[in-house]
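What follows is one structure encoded as structure tokens, with my remarks underneath.
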Amino acid sequence: MIAIGCDHGGFALKQEIIEHFKANNIEFKDFGCYSTDSVDYPDYAKVVCESVLNGECEKGVLICGTGIGISIAANKMPGIRCALCHDVFSAEATREHNDTNVIALGGRIIGPSHAIKVVDTWLSTPFSNDERHIRRIEKIENR
Ligand code: RB5
């Protein structure tokens with residue numbers, strides 16, 4: 001199950017990604033927001049990240065206007081490793097190297113077709129399990 005959430009700046013892209021999830025039988029839970037009315041992105045980062053941390057959802061997708069604010073908010077939550085990705089190489093590398101459990105995107109930055117490729121790459125790339133990457137992640141988690 002994939003958690004997805006956004007603010008008003010990410011709403012349009014969230015709807016595109018949800019249509020892609022539906023068309024490809026990817027199970028998801030939509031944590032809002034549900035319109036382009038102005039909201040606060042930390043509220044949506046919080047609920048999506050909580051669903052990942054409590055095991056309800058395996059991974060999370062967060063979208064705001066730039067992806068910056070919502071990724072900062074997500075990374076304040078212990079146990080969340082959120083990467084802001086606007087390219088396929090970063091999406092693949094952050095799964096292999098950082099074992100990220102949340103991806104952030106900017107709805108005002110990236111178009112829907114590219115964003116869907118980025119999300120699909122991120123969802124389908126496993127963590128490398130390399131010792132050096134495990135060691136580095138442990139240093140992040142146990143500061
Ligand atoms: C909202 O206008 C905007 O600030 C937000 O979507 C995001 O870009 C913040 O980082």
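By convention here, the chains of the structure tokens are called A, B, ... in the order presented, each chain's residues are numbered starting at 1, and ligands are numbered starting at 1 in the order presented.
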
Item to check | DSSP-assigned helix (DSSP H, G or I) among chain A, expressed as a PyMOL selection string | outcome: chain A and resi 8-23+41-53+68-75+88-98+112-124+131-141

Item to check | Surroundings of ligand 1 up to 12 Å, based on only C-alpha atoms and all ligand atoms, as a ChimeraX atom specification | outcome: /A:5-13,33,36-45,62-74,84,104-109

Item to check | Neighbour list for Ala3 of chain A as a ChimeraX atom specification, cut-off 6 Å, only C-alpha atoms, skip fewer than 6 positions in-chain | outcome: /A:28-29,48,57,60

Go ahead and dump the residues you just picked, N, CA and C atoms, as an mmCIF file, in the first residue's frame.
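Full text of out.cif as output:
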```cif
data_model
loop_
_atom_site.group_PDB
_atom_site.id
_atom_site.type_symbol
_atom_site.label_atom_id
_atom_site.label_comp_id
_atom_site.auth_asym_id
_atom_site.auth_seq_id
_atom_site.Cartn_x
_atom_site.Cartn_y
_atom_site.Cartn_z
ATOM 1 N N PHE A 28 -3.197 2.171 -3.130
ATOM 2 C CA PHE A 28 -2.761 3.420 -2.515
ATOM 3 C C PHE A 28 -3.824 3.901 -1.533
ATOM 4 N N LYS A 29 -3.380 4.767 -0.641
ATOM 5 C CA LYS A 29 -4.318 5.456 0.248
ATOM 6 C C LYS A 29 -4.065 6.951 0.096
ATOM 7 N N VAL A 48 0.971 11.289 6.082
ATOM 8 C CA VAL A 48 1.556 10.277 5.173
ATOM 9 C C VAL A 48 2.721 9.574 5.871
ATOM 10 N N CYS A 57 1.187 1.741 5.588
ATOM 11 C CA CYS A 57 1.645 1.860 4.194
ATOM 12 C C CYS A 57 3.138 1.553 4.128
ATOM 13 N N GLY A 60 5.715 6.211 0.956
ATOM 14 C CA GLY A 60 4.881 7.394 0.799
ATOM 15 C C GLY A 60 5.323 8.282 -0.345
#
```

Which residues of segment 75-115 of chain A have any atom within 9 Å of an atom in segment 129-135 of chain A when counting only C-alpha atoms, and what is the closest pair of atoms for each, with the distance in Å to one decimal? Order the rows by chain and rising number and write it as a Markdown table.
```
| residue | atom | partner | partner_atom | distance |
| --- | --- | --- | --- | --- |
| A:Glu96 | CA | A:Asn129 | CA | 7.7 |
| A:His97 | CA | A:His133 | CA | 5.6 |
| A:Asn98 | CA | A:His133 | CA | 6.8 |
| A:Asp99 | CA | A:His133 | CA | 8.5 |
```

Preceding selection exported with all heavy atoms as a short mmCIF file (atom, residue, chain, number, x, y, z; two decimals), in the first residue's frame:
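Result file is part.cif:
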```
data_model
loop_
_atom_site.label_atom_id
_atom_site.label_comp_id
_atom_site.auth_asym_id
_atom_site.auth_seq_id
_atom_site.Cartn_x
_atom_site.Cartn_y
_atom_site.Cartn_z
N GLU A 96 18.48 2.67 -3.91
CA GLU A 96 19.62 1.76 -3.76
C GLU A 96 20.53 2.18 -2.62
O GLU A 96 21.03 1.33 -1.89
CB GLU A 96 20.42 1.73 -5.07
CG GLU A 96 19.68 1.04 -6.20
CD GLU A 96 20.42 1.12 -7.52
OE1 GLU A 96 21.35 1.94 -7.66
OE2 GLU A 96 20.03 0.35 -8.43
N HIS A 97 20.76 3.47 -2.46
CA HIS A 97 21.77 3.95 -1.51
C HIS A 97 21.19 4.36 -0.17
O HIS A 97 21.83 4.17 0.87
CB HIS A 97 22.52 5.15 -2.08
CG HIS A 97 23.38 4.82 -3.26
ND1 HIS A 97 24.51 5.55 -3.59
CD2 HIS A 97 23.28 3.86 -4.20
CE1 HIS A 97 25.08 5.04 -4.67
NE2 HIS A 97 24.33 4.01 -5.08
N ASN A 98 20.02 5.01 -0.19
CA ASN A 98 19.47 5.61 1.04
C ASN A 98 18.28 4.85 1.60
O ASN A 98 17.78 5.21 2.66
CB ASN A 98 19.03 7.07 0.78
CG ASN A 98 20.00 7.88 -0.04
OD1 ASN A 98 19.65 8.40 -1.10
ND2 ASN A 98 21.24 7.99 0.42
N ASP A 99 17.81 3.85 0.88
CA ASP A 99 16.61 3.11 1.30
C ASP A 99 15.50 4.08 1.71
O ASP A 99 14.88 3.92 2.76
CB ASP A 99 16.94 2.13 2.44
CG ASP A 99 15.86 1.09 2.63
OD1 ASP A 99 15.03 0.90 1.73
OD2 ASP A 99 15.86 0.46 3.72
#
```
